[in-house]
Amino acid sequence: MKVNRIIHSLMATAALLLTACSPDSYSLSKPDYEPGDLVEGSAFSVTVDADNTVTLKSLLDKSYNCYWIQPNGRSQGNEVKFQLPFSGTYEVTFGVDTRGGVVYGTPYKFEVTTNNMSLLEDPLYAYLTGGVGKSKKWVPVDRDYGVGQCTGPVMYCNPDDVLNDGSGSTDIGINHMKPNWDPGFQSWLIPEDDAYMDSYMVFSLDDVNGCSLTEYRGEAGSKGASTGTTLTGKWNLNLTDKNHPTLSFTDTYSMHNAGFDAVCDNYTTNIVITELTPYMLQLATMRTNSEGAWWIIWNFIAEDVQNGTVEIPSEEVSYLEATLPVLPEIEGLEEKIFTTDINGVEFQGAEMTFKVSEEAAYDWLWWNGGTSAWESVTKGNYGTNWAPMWGDEALEQELTLTKKGTYTYGETEGTYTLIDGVITFDNPITFFTVVGDDRTVELTGQAWQVFKCDPGSELVLGVADGKDANGNVNVYKVVNFTYKEVGGGQTGPTVVPFDASKLWVGLEAGKYFRCQLYNPWGDGNNAIDPANVKLKKNQKINVTFRLSGFTFLQPAKMVLCCNRGSEQSWETDCYSYDRAITVNGDGVYTVSWTNDTGSTVKWDDGTSALTMTMQFVDYATLPDEDYASHCTVESITIE
């Protein structure tokens, strides 16, 4: 009976097959689509809601496999959602799987009209990229840094006991992993001089390119002289589950050495993050080859930690809690607003006049919970569709404040109060409006938070412009003012007096020729009075000096060093700065430093030295060790 049932079943199946192939069959196959068919409105839809969530939805039959090329990378599915923090014009391309393969339509442009910086408030964004408008470079771990439970670029974790404590936990995630083996460097795995050790990933986050990645993988040769592959693409950080964040990559991959290409079948989608701090990034991929399932942990250290620019704090730090917005507290604000300088001399008036900054008339400041700082959104990137350029009308009016509590702005006048760092005008005031092709930005409000007051230099006022998910104001639209010069202003550079007899000239570390003007950590025998050295934003200090008696073996670099601004390194990194000059013989030279800190800097706060340094050993010789007689300072000026 069993055999008969099988025979009858086979006959029935054959009959169905014959019927399906007969000319009388009315079954329909899926239609083919051409690129011109896949247009928004008929084949798919794009919607953007108030919090910048973008929804892509197929309007075709649900049986189609749908593919999307969208700003955050590639996606698959009939409906895809993602979020964009920045306003702007974006593109999406829709594709479907047909009998002839995947067919894509023409890119469709859509608009996001507002910024939603709360989407980036999680500190992991800042840890990975350095913050909005910045980039951060990650390199394979090359030694024990005391973090990450690792001493090399790769290690292993048991998927059946991810904590390696016998608990049997399989829940690998952020700060929830302990390796069962840290091999360090192994000749058969990744040697210390392997080409892979030249590899890097640069994660970037900005309003123009979004989440972008540039990576290089060393694949042949040896460390320091490798050849390999450079790729650029996109990355997406998924924080839906805060305990299990993941990274996905488009046109790039999670970095690993070439020898492991076939060890794991997934290096692009939902890569597990097991640690991410400002110093350490660890990514886990699952081994899928014949050796069996096992977590492989790829270890990366921030390049600024590797080169010594940033030091990992020794104390235990909690990295995953975003801080709440904290408004600036400016001590003595009531006096600072009315303080400026005339030819280098501080002056406090009964009233002060401010002009809109020609360099950056306005901006948005958002609270970065990862760095615990108010950060610029535009980063100076004006002239875009979301941050249009202002016209002359924005610069025409002047704001005058008096100590009596009155103000004038153009033809508008009234009263104001200054309480707890907030200037509140008697009526809402519109400083100016910027009209762009795609967006209008209106700088208007009644209560203006003082974000910065740098006497004689700048005043930054902001009005609330956005809140985070908890209702905390975390975005301010700001107007950047500069102080109007009082009494005609300075007509030439400020001359800084100095005592040549108190210059310290000698060798540092037995290798570098130094001429020290000021050292707050020295013996107090300084050539300049630090009270005389004050630089406003973008001002430059110049030191002109004369070299004599040197015999140069090759051209040497000389640079003016200080513990200020974006270039704070000393020997030997400082010699690569663009402002370093070349000296190749006796003569008169000038070294300079421009204040790029964004604020006025003073040397009387005891936090910065001011010293000239020159490459010496292997570069030049002197007939004696009376170093002071071979370098004389002729002038120090600020302009």
# chains A, B, ... in the order shown; residues from 1 in each chain; ligands from 1
$ residues_around --residues "range 430-444 of chain A" --least-positions-apart "2" --cutoff "10 Å" --atoms "only C-alpha atoms" --output "JSON list (two decimals) with C-alpha atoms, in the first residue's frame"
[["chain", "number", "residue", "atom", "x", "y", "z"],
["A", 87, "SER", "CA", 19.34, 69.42, 6.15],
["A", 88, "GLY", "CA", 20.20, 69.32, 2.49],
["A", 89, "THR", "CA", 19.54, 67.73, -0.88],
["A", 111, "GLU", "CA", 15.01, 67.50, 0.47],
["A", 113, "THR", "CA", 14.77, 71.04, 5.37],
["A", 114, "THR", "CA", 15.96, 71.12, 8.99],
["A", 356, "VAL", "CA", 28.26, 91.28, 12.76],
["A", 361, "ALA", "CA", 27.82, 86.01, 10.56],
["A", 362, "TYR", "CA", 25.80, 83.16, 12.05],
["A", 363, "ASP", "CA", 25.97, 79.49, 12.97],
["A", 383, "GLY", "CA", 27.17, 78.87, 0.73],
["A", 384, "THR", "CA", 25.42, 75.48, 0.89],
["A", 385, "ASN", "CA", 21.69, 74.99, 0.37],
["A", 386, "TRP", "CA", 21.19, 74.53, 4.13],
["A", 387, "ALA", "CA", 23.60, 77.27, 5.30],
["A", 388, "PRO", "CA", 23.25, 80.09, 2.75],
["A", 389, "MET", "CA", 25.69, 82.96, 2.52],
["A", 390, "TRP", "CA", 24.61, 86.28, 4.00],
["A", 391, "GLY", "CA", 24.61, 89.55, 2.09],
["A", 393, "GLU", "CA", 22.63, 93.95, 4.60],
["A", 394, "ALA", "CA", 23.49, 91.56, 7.44],
["A", 395, "LEU", "CA", 26.69, 93.48, 8.09],
["A", 396, "GLU", "CA", 25.31, 97.01, 7.85],
["A", 397, "GLN", "CA", 23.72, 97.41, 11.30],
["A", 398, "GLU", "CA", 25.54, 97.76, 14.62],
["A", 399, "LEU", "CA", 24.45, 96.66, 18.09],
["A", 409, "TYR", "CA", 20.31, 98.25, 16.68],
["A", 410, "GLY", "CA", 19.95, 100.18, 13.48],
["A", 412, "THR", "CA", 15.53, 99.91, 16.73],
["A", 427, "ASN", "CA", 10.92, 93.11, 22.46],
["A", 428, "PRO", "CA", 11.98, 90.37, 20.04],
["A", 446, "GLN", "CA", 14.05, 87.99, 22.54],
["A", 447, "ALA", "CA", 16.19, 86.02, 25.04],
["A", 448, "TRP", "CA", 19.78, 85.51, 23.83],
["A", 462, "GLY", "CA", 22.38, 82.38, 20.72],
["A", 463, "VAL", "CA", 18.66, 81.73, 20.69],
["A", 477, "LYS", "CA", 21.11, 79.52, 16.46],
["A", 478, "VAL", "CA", 23.82, 82.11, 17.07],
["A", 479, "VAL", "CA", 24.93, 85.51, 15.81]]
$ residues_around --residues "range 304-312 of chain A" --least-positions-apart "6" --cutoff "12 Å" --atoms "only C-alpha atoms" --output "PyMOL selection string"
chain A and resi 130+135-148+277-281+566-570+572-573
$ write_last_selection --atoms "N, CA, C and O atoms" --output "mmCIF file, in the first residue's frame"
data_model
loop_
_atom_site.group_PDB
_atom_site.id
_atom_site.type_symbol
_atom_site.label_atom_id
_atom_site.label_comp_id
_atom_site.auth_asym_id
_atom_site.auth_seq_id
_atom_site.Cartn_x
_atom_site.Cartn_y
_atom_site.Cartn_z
ATOM 1 N N GLY A 130 35.379 61.859 16.047
ATOM 2 C CA GLY A 130 35.903 63.108 16.593
ATOM 3 C C GLY A 130 34.841 64.176 16.711
ATOM 4 O O GLY A 130 35.067 65.212 17.322
ATOM 5 N N SER A 135 37.206 64.242 11.380
ATOM 6 C CA SER A 135 37.577 62.893 10.971
ATOM 7 C C SER A 135 38.490 62.298 12.027
ATOM 8 O O SER A 135 39.225 63.010 12.703
ATOM 9 N N LYS A 136 38.443 60.979 12.142
ATOM 10 C CA LYS A 136 39.295 60.305 13.106
ATOM 11 C C LYS A 136 39.906 59.074 12.457
ATOM 12 O O LYS A 136 39.222 58.299 11.800
ATOM 13 N N LYS A 137 41.194 58.902 12.688
ATOM 14 C CA LYS A 137 41.949 57.813 12.069
ATOM 15 C C LYS A 137 42.225 56.726 13.094
ATOM 16 O O LYS A 137 42.712 56.995 14.191
ATOM 17 N N TRP A 138 41.910 55.494 12.698
ATOM 18 C CA TRP A 138 42.120 54.328 13.550
ATOM 19 C C TRP A 138 43.122 53.389 12.884
ATOM 20 O O TRP A 138 43.022 53.128 11.680
ATOM 21 N N VAL A 139 44.067 52.891 13.661
ATOM 22 C CA VAL A 139 45.122 52.024 13.131
ATOM 23 C C VAL A 139 45.172 50.741 13.964
ATOM 24 O O VAL A 139 44.729 50.719 15.119
ATOM 25 N N PRO A 140 45.690 49.638 13.398
ATOM 26 C CA PRO A 140 45.760 48.389 14.164
ATOM 27 C C PRO A 140 46.590 48.554 15.432
ATOM 28 O O PRO A 140 47.616 49.247 15.447
ATOM 29 N N VAL A 141 46.146 47.917 16.503
ATOM 30 C CA VAL A 141 46.875 47.962 17.771
ATOM 31 C C VAL A 141 48.251 47.338 17.585
ATOM 32 O O VAL A 141 48.379 46.232 17.048
ATOM 33 N N ASP A 142 49.290 48.038 18.026
ATOM 34 C CA ASP A 142 50.664 47.579 17.822
ATOM 35 C C ASP A 142 51.404 47.299 19.129
ATOM 36 O O ASP A 142 52.568 46.918 19.112
ATOM 37 N N ARG A 143 50.723 47.488 20.275
ATOM 38 C CA ARG A 143 51.346 47.193 21.559
ATOM 39 C C ARG A 143 50.274 47.225 22.645
ATOM 40 O O ARG A 143 49.097 47.482 22.351
ATOM 41 N N ASP A 144 50.668 46.997 23.861
ATOM 42 C CA ASP A 144 49.735 47.026 24.981
ATOM 43 C C ASP A 144 49.543 48.470 25.442
ATOM 44 O O ASP A 144 50.479 49.097 25.945
ATOM 45 N N TYR A 145 48.330 48.996 25.249
ATOM 46 C CA TYR A 145 48.020 50.361 25.666
ATOM 47 C C TYR A 145 47.293 50.392 27.005
ATOM 48 O O TYR A 145 46.872 51.454 27.454
ATOM 49 N N GLY A 146 47.105 49.228 27.609
ATOM 50 C CA GLY A 146 46.433 49.164 28.898
ATOM 51 C C GLY A 146 44.928 49.212 28.813
ATOM 52 O O GLY A 146 44.249 49.303 29.838
ATOM 53 N N VAL A 147 44.376 49.189 27.598
ATOM 54 C CA VAL A 147 42.928 49.171 27.406
ATOM 55 C C VAL A 147 42.594 48.111 26.361
ATOM 56 O O VAL A 147 43.460 47.648 25.619
ATOM 57 N N GLY A 148 41.344 47.713 26.323
ATOM 58 C CA GLY A 148 40.896 46.810 25.283
ATOM 59 C C GLY A 148 41.263 45.351 25.464
ATOM 60 O O GLY A 148 40.970 44.536 24.593
ATOM 61 N N THR A 277 35.659 53.774 22.560
ATOM 62 C CA THR A 277 35.943 54.919 23.414
ATOM 63 C C THR A 277 36.722 55.915 22.554
ATOM 64 O O THR A 277 36.988 55.653 21.384
ATOM 65 N N PRO A 278 37.096 57.069 23.077
ATOM 66 C CA PRO A 278 37.928 57.971 22.271
ATOM 67 C C PRO A 278 39.291 57.375 21.930
ATOM 68 O O PRO A 278 40.030 57.949 21.129
ATOM 69 N N TYR A 279 39.622 56.223 22.515
ATOM 70 C CA TYR A 279 40.970 55.678 22.374
ATOM 71 C C TYR A 279 41.009 54.316 21.690
ATOM 72 O O TYR A 279 41.979 54.001 20.992
ATOM 73 N N MET A 280 39.994 53.504 21.874
ATOM 74 C CA MET A 280 40.013 52.115 21.418
ATOM 75 C C MET A 280 38.734 51.773 20.661
ATOM 76 O O MET A 280 37.636 52.143 21.081
ATOM 77 N N LEU A 281 38.901 51.081 19.514
ATOM 78 C CA LEU A 281 37.784 50.556 18.737
ATOM 79 C C LEU A 281 38.021 49.071 18.521
ATOM 80 O O LEU A 281 39.078 48.673 18.025
ATOM 81 N N SER A 566 46.101 74.546 17.285
ATOM 82 C CA SER A 566 46.013 73.236 16.652
ATOM 83 C C SER A 566 47.361 72.564 16.488
ATOM 84 O O SER A 566 47.430 71.361 16.264
ATOM 85 N N GLU A 567 48.444 73.315 16.566
ATOM 86 C CA GLU A 567 49.786 72.752 16.396
ATOM 87 C C GLU A 567 50.586 72.969 17.673
ATOM 88 O O GLU A 567 51.265 73.984 17.843
ATOM 89 N N GLN A 568 50.497 71.997 18.579
ATOM 90 C CA GLN A 568 51.127 72.132 19.885
ATOM 91 C C GLN A 568 52.330 71.218 20.073
ATOM 92 O O GLN A 568 52.926 71.220 21.138
ATOM 93 N N SER A 569 52.663 70.439 19.064
ATOM 94 C CA SER A 569 53.776 69.498 19.215
ATOM 95 C C SER A 569 55.106 70.246 19.253
ATOM 96 O O SER A 569 55.250 71.327 18.680
ATOM 97 N N TRP A 570 56.069 69.614 19.920
ATOM 98 C CA TRP A 570 57.424 70.140 19.948
ATOM 99 C C TRP A 570 58.307 69.201 19.126
ATOM 100 O O TRP A 570 57.821 68.551 18.190
ATOM 101 N N THR A 572 60.000 66.114 17.620
ATOM 102 C CA THR A 572 60.445 66.499 16.297
ATOM 103 C C THR A 572 59.286 66.838 15.368
ATOM 104 O O THR A 572 59.505 67.308 14.241
ATOM 105 N N ASP A 573 58.043 66.590 15.838
ATOM 106 C CA ASP A 573 56.878 66.786 14.977
ATOM 107 C C ASP A 573 56.739 68.228 14.508
ATOM 108 O O ASP A 573 56.240 68.487 13.412
#
$ select_by_dssp --residues "range 79-175 of chain A" --states "helix (DSSP H, G or I)" --output "ChimeraX atom specification"
/A:117-120,123-129
$ write_last_selection --atoms "C-alpha atoms" --output "compact mmCIF listing (two decimals), in the first residue's frame"
# COMPACT_ATOMS: atom_id res chain seq x y z
CA MET A 117 21.43 67.30 15.79
CA SER A 118 19.78 65.19 18.49
CA LEU A 119 20.30 62.25 16.14
CA LEU A 120 24.02 62.57 16.82
CA PRO A 123 28.74 59.89 22.36
CA LEU A 124 29.68 56.93 20.17
CA TYR A 125 29.45 59.23 17.12
CA ALA A 126 32.00 61.58 18.66
CA TYR A 127 34.25 58.71 19.74
CA LEU A 128 34.25 57.20 16.26
CA THR A 129 34.75 60.38 14.22
$ closest_residue --among "A:Ser169, A:Thr240, A:Thr274, A:Thr151" --to "Pro183 in chain A" --atoms "only C-alpha atoms"
A:Thr151
$ residues_around --residues "Ser592 in chain A" --least-positions-apart "2" --cutoff "12 Å" --atoms "only C-alpha atoms" --output "VMD selection string"
chain A and resid 539 to 545 558 to 562 577 to 581 589 to 590 594 to 595 610 to 612 635 to 639
$ write_last_selection --atoms "N, CA and C atoms" --output "compact mmCIF listing (two decimals), in the first residue's frame"
# COMPACT_ATOMS: atom_id res chain seq x y z
N GLN A 539 45.36 86.88 15.22
CA GLN A 539 46.55 87.71 15.23
C GLN A 539 47.80 86.82 15.20
N LYS A 540 48.92 87.42 14.80
CA LYS A 540 50.16 86.66 14.62
C LYS A 540 51.30 87.30 15.39
N ILE A 541 52.10 86.46 16.05
CA ILE A 541 53.30 86.94 16.72
C ILE A 541 54.51 86.57 15.87
N ASN A 542 55.40 87.53 15.66
CA ASN A 542 56.60 87.34 14.84
C ASN A 542 57.84 87.55 15.69
N VAL A 543 58.80 86.66 15.55
CA VAL A 543 60.09 86.81 16.23
C VAL A 543 61.16 86.85 15.15
N THR A 544 61.86 87.98 15.07
CA THR A 544 62.94 88.14 14.10
C THR A 544 64.27 88.01 14.84
N PHE A 545 65.17 87.19 14.31
CA PHE A 545 66.42 86.88 14.99
C PHE A 545 67.55 86.78 13.97
N MET A 558 63.36 75.44 11.38
CA MET A 558 63.26 76.18 12.62
C MET A 558 61.82 76.65 12.77
N VAL A 559 61.30 76.61 14.01
CA VAL A 559 59.89 76.92 14.21
C VAL A 559 59.70 77.54 15.59
N LEU A 560 58.66 78.38 15.70
CA LEU A 560 58.28 78.98 16.97
C LEU A 560 57.25 78.08 17.63
N CYS A 561 57.56 77.56 18.80
CA CYS A 561 56.68 76.60 19.48
C CYS A 561 56.00 77.22 20.68
N CYS A 562 54.75 76.79 20.90
CA CYS A 562 54.00 77.17 22.09
C CYS A 562 52.96 76.10 22.35
N TYR A 577 55.58 71.30 10.48
CA TYR A 577 54.53 72.29 10.33
C TYR A 577 54.80 73.19 9.13
N ASP A 578 53.73 73.65 8.47
CA ASP A 578 53.88 74.54 7.32
C ASP A 578 54.55 75.85 7.70
N ARG A 579 54.37 76.29 8.94
CA ARG A 579 54.95 77.57 9.36
C ARG A 579 56.42 77.45 9.73
N ALA A 580 56.96 76.23 9.77
CA ALA A 580 58.39 76.06 10.02
C ALA A 580 59.17 76.64 8.84
N ILE A 581 60.23 77.36 9.13
CA ILE A 581 61.04 77.96 8.07
C ILE A 581 62.31 77.14 7.88
N TYR A 589 66.32 85.95 10.15
CA TYR A 589 65.14 85.14 9.84
C TYR A 589 63.98 85.57 10.74
N THR A 590 62.76 85.17 10.35
CA THR A 590 61.57 85.44 11.17
C THR A 590 60.73 84.17 11.27
N THR A 594 50.37 81.99 14.38
CA THR A 594 49.08 82.67 14.26
C THR A 594 48.10 82.04 15.24
N ASN A 595 47.39 82.87 15.98
CA ASN A 595 46.43 82.41 16.96
C ASN A 595 45.21 81.82 16.27
N LEU A 610 57.06 79.90 25.16
CA LEU A 610 57.25 80.51 23.85
C LEU A 610 58.73 80.38 23.52
N THR A 611 59.04 79.49 22.59
CA THR A 611 60.43 79.11 22.35
C THR A 611 60.67 78.83 20.87
N MET A 612 61.81 79.25 20.37
CA MET A 612 62.24 78.88 19.03
C MET A 612 63.10 77.62 19.13
N SER A 635 63.68 91.53 17.14
CA SER A 635 62.38 92.15 17.41
C SER A 635 61.32 91.09 17.64
N ILE A 636 60.29 91.46 18.43
CA ILE A 636 59.12 90.62 18.65
C ILE A 636 57.91 91.53 18.44
N THR A 637 57.04 91.16 17.51
CA THR A 637 55.89 92.00 17.21
C THR A 637 54.62 91.15 17.12
N ILE A 638 53.47 91.83 17.32
CA ILE A 638 52.17 91.20 17.17
C ILE A 638 51.39 92.02 16.15
N GLU A 639 50.81 91.32 15.17
CA GLU A 639 50.05 92.04 14.15
C GLU A 639 48.76 91.30 13.80
$ closest_residue --among "A:Leu324, A:Cys150, A:Val162, A:Val96" --to "Asn368 in chain A" --atoms "only C-alpha atoms"
A:Leu324
$ residues_around --residues "range 614-625 of chain A" --least-positions-apart "3" --cutoff "9 Å" --atoms "only C-alpha atoms" --output "PyMOL selection string"
chain A and resi 506-507+510-515+549-559+571-572+575+583-584+628+630
$ write_last_selection --atoms "C-alpha atoms" --output "PDB file, in the first residue's frame"
ATOM      1  CA  GLY A 506      71.205  76.134  24.368  1.00  0.00           C
ATOM      2  CA  LEU A 507      70.670  72.524  23.374  1.00  0.00           C
ATOM      3  CA  GLY A 510      71.517  67.352  23.307  1.00  0.00           C
ATOM      4  CA  LYS A 511      70.016  67.504  19.822  1.00  0.00           C
ATOM      5  CA  TYR A 512      67.902  70.615  19.247  1.00  0.00           C
ATOM      6  CA  PHE A 513      68.998  74.253  19.266  1.00  0.00           C
ATOM      7  CA  ARG A 514      66.597  76.323  21.369  1.00  0.00           C
ATOM      8  CA  CYS A 515      66.180  80.030  22.005  1.00  0.00           C
ATOM      9  CA  GLY A 549      78.858  81.461  13.276  1.00  0.00           C
ATOM     10  CA  PHE A 550      76.954  78.345  12.116  1.00  0.00           C
ATOM     11  CA  THR A 551      78.284  75.846   9.624  1.00  0.00           C
ATOM     12  CA  PHE A 552      75.309  74.049   8.050  1.00  0.00           C
ATOM     13  CA  LEU A 553      75.740  70.460   6.898  1.00  0.00           C
ATOM     14  CA  GLN A 554      72.263  70.519   5.341  1.00  0.00           C
ATOM     15  CA  PRO A 555      69.226  72.835   5.431  1.00  0.00           C
ATOM     16  CA  ALA A 556      67.514  72.806   8.850  1.00  0.00           C
ATOM     17  CA  LYS A 557      63.985  73.583   9.974  1.00  0.00           C
ATOM     18  CA  MET A 558      63.258  76.184  12.620  1.00  0.00           C
ATOM     19  CA  VAL A 559      59.891  76.917  14.211  1.00  0.00           C
ATOM     20  CA  GLU A 571      60.489  68.332  18.646  1.00  0.00           C
ATOM     21  CA  THR A 572      60.445  66.499  16.297  1.00  0.00           C
ATOM     22  CA  TYR A 575      59.515  70.663  12.177  1.00  0.00           C
ATOM     23  CA  VAL A 583      67.591  78.050   7.586  1.00  0.00           C
ATOM     24  CA  ASN A 584      70.773  77.280   5.685  1.00  0.00           C
ATOM     25  CA  ALA A 628      73.816  82.638  23.275  1.00  0.00           C
ATOM     26  CA  HIS A 630      75.281  82.769  18.028  1.00  0.00           C
TER      27      HIS A 630
END
$ residues_around --residues "range 244-260 of chain A" --least-positions-apart "5" --cutoff "9 Å" --atoms "only C-alpha atoms" --output "PyMOL selection string"
chain A and resi 72-74+140+154+171-174+189-190+195-197+199-201+213-219+231-239+266-274+283+285+298
$ residues_around --residues "Asn164 in chain A" --least-positions-apart "6" --cutoff "10 Å" --atoms "only C-alpha atoms" --output "ChimeraX atom specification"
/A:157-158,177-181
$ write_last_selection --atoms "N, CA and C atoms" --output "PDB file, in the first residue's frame"
ATOM      1  N   CYS A 157      37.534  35.147  20.716  1.00  0.00           N
ATOM      2  CA  CYS A 157      36.561  35.087  21.794  1.00  0.00           C
ATOM      3  C   CYS A 157      35.628  33.900  21.558  1.00  0.00           C
ATOM      4  N   ASN A 158      35.430  33.096  22.584  1.00  0.00           N
ATOM      5  CA  ASN A 158      34.594  31.912  22.514  1.00  0.00           C
ATOM      6  C   ASN A 158      33.119  32.316  22.403  1.00  0.00           C
ATOM      7  N   MET A 177      32.551  41.436  26.570  1.00  0.00           N
ATOM      8  CA  MET A 177      33.390  40.473  25.881  1.00  0.00           C
ATOM      9  C   MET A 177      34.709  40.360  26.629  1.00  0.00           C
ATOM     10  N   LYS A 178      35.205  39.155  26.746  1.00  0.00           N
ATOM     11  CA  LYS A 178      36.543  38.928  27.289  1.00  0.00           C
ATOM     12  C   LYS A 178      37.196  37.855  26.420  1.00  0.00           C
ATOM     13  N   PRO A 179      38.344  38.161  25.832  1.00  0.00           N
ATOM     14  CA  PRO A 179      38.952  37.199  24.904  1.00  0.00           C
ATOM     15  C   PRO A 179      39.399  35.927  25.622  1.00  0.00           C
ATOM     16  N   ASN A 180      39.326  34.836  24.910  1.00  0.00           N
ATOM     17  CA  ASN A 180      39.892  33.598  25.459  1.00  0.00           C
ATOM     18  C   ASN A 180      41.334  33.419  24.994  1.00  0.00           C
ATOM     19  N   TRP A 181      41.733  34.274  24.007  1.00  0.00           N
ATOM     20  CA  TRP A 181      43.133  34.222  23.579  1.00  0.00           C
ATOM     21  C   TRP A 181      43.528  35.548  22.935  1.00  0.00           C
TER      22      TRP A 181
END
$ closest_residue --among "A:Ser357, A:Tyr67, A:Trp295, A:Val377" --to "Phe86 in chain A" --atoms "only C-alpha atoms"
A:Val377
$ decode --residues "range 212-226 of chain A" --atoms "N, CA and C atoms" --output "PDB file, in the first residue's frame"
ATOM      1  N   SER A 212      31.169  59.119   6.038  1.00  0.00           N
ATOM      2  CA  SER A 212      32.064  58.619   4.995  1.00  0.00           C
ATOM      3  C   SER A 212      33.288  57.961   5.610  1.00  0.00           C
ATOM      4  N   LEU A 213      33.896  57.061   4.825  1.00  0.00           N
ATOM      5  CA  LEU A 213      35.039  56.279   5.292  1.00  0.00           C
ATOM      6  C   LEU A 213      36.078  56.200   4.203  1.00  0.00           C
ATOM      7  N   THR A 214      37.318  56.448   4.587  1.00  0.00           N
ATOM      8  CA  THR A 214      38.464  56.184   3.718  1.00  0.00           C
ATOM      9  C   THR A 214      39.350  55.190   4.431  1.00  0.00           C
ATOM     10  N   GLU A 215      39.708  54.118   3.733  1.00  0.00           N
ATOM     11  CA  GLU A 215      40.538  53.114   4.387  1.00  0.00           C
ATOM     12  C   GLU A 215      41.618  52.600   3.438  1.00  0.00           C
ATOM     13  N   TYR A 216      42.732  52.242   4.038  1.00  0.00           N
ATOM     14  CA  TYR A 216      43.845  51.640   3.302  1.00  0.00           C
ATOM     15  C   TYR A 216      44.211  50.340   4.000  1.00  0.00           C
ATOM     16  N   ARG A 217      44.395  49.285   3.190  1.00  0.00           N
ATOM     17  CA  ARG A 217      44.836  48.006   3.754  1.00  0.00           C
ATOM     18  C   ARG A 217      46.175  47.620   3.145  1.00  0.00           C
ATOM     19  N   GLY A 218      47.191  47.507   3.998  1.00  0.00           N
ATOM     20  CA  GLY A 218      48.481  47.009   3.550  1.00  0.00           C
ATOM     21  C   GLY A 218      48.389  45.519   3.268  1.00  0.00           C
ATOM     22  N   GLU A 219      48.790  45.106   2.069  1.00  0.00           N
ATOM     23  CA  GLU A 219      48.582  43.721   1.652  1.00  0.00           C
ATOM     24  C   GLU A 219      49.860  43.015   1.224  1.00  0.00           C
ATOM     25  N   ALA A 220      50.887  43.762   0.891  1.00  0.00           N
ATOM     26  CA  ALA A 220      52.144  43.152   0.453  1.00  0.00           C
ATOM     27  C   ALA A 220      53.311  44.000   0.945  1.00  0.00           C
ATOM     28  N   GLY A 221      54.495  43.397   0.978  1.00  0.00           N
ATOM     29  CA  GLY A 221      55.662  44.105   1.489  1.00  0.00           C
ATOM     30  C   GLY A 221      55.711  44.003   3.000  1.00  0.00           C
ATOM     31  N   SER A 222      56.220  45.040   3.645  1.00  0.00           N
ATOM     32  CA  SER A 222      56.346  45.041   5.094  1.00  0.00           C
ATOM     33  C   SER A 222      55.917  46.385   5.652  1.00  0.00           C
ATOM     34  N   LYS A 223      55.739  46.435   6.952  1.00  0.00           N
ATOM     35  CA  LYS A 223      55.312  47.664   7.613  1.00  0.00           C
ATOM     36  C   LYS A 223      56.254  48.809   7.271  1.00  0.00           C
ATOM     37  N   GLY A 224      55.697  49.928   6.898  1.00  0.00           N
ATOM     38  CA  GLY A 224      56.477  51.096   6.525  1.00  0.00           C
ATOM     39  C   GLY A 224      56.802  51.160   5.055  1.00  0.00           C
ATOM     40  N   ALA A 225      56.630  50.056   4.348  1.00  0.00           N
ATOM     41  CA  ALA A 225      56.922  50.014   2.910  1.00  0.00           C
ATOM     42  C   ALA A 225      55.924  49.093   2.216  1.00  0.00           C
ATOM     43  N   SER A 226      54.670  49.183   2.622  1.00  0.00           N
ATOM     44  CA  SER A 226      53.668  48.256   2.099  1.00  0.00           C
ATOM     45  C   SER A 226      53.005  48.801   0.842  1.00  0.00           C
TER      46      SER A 226
END
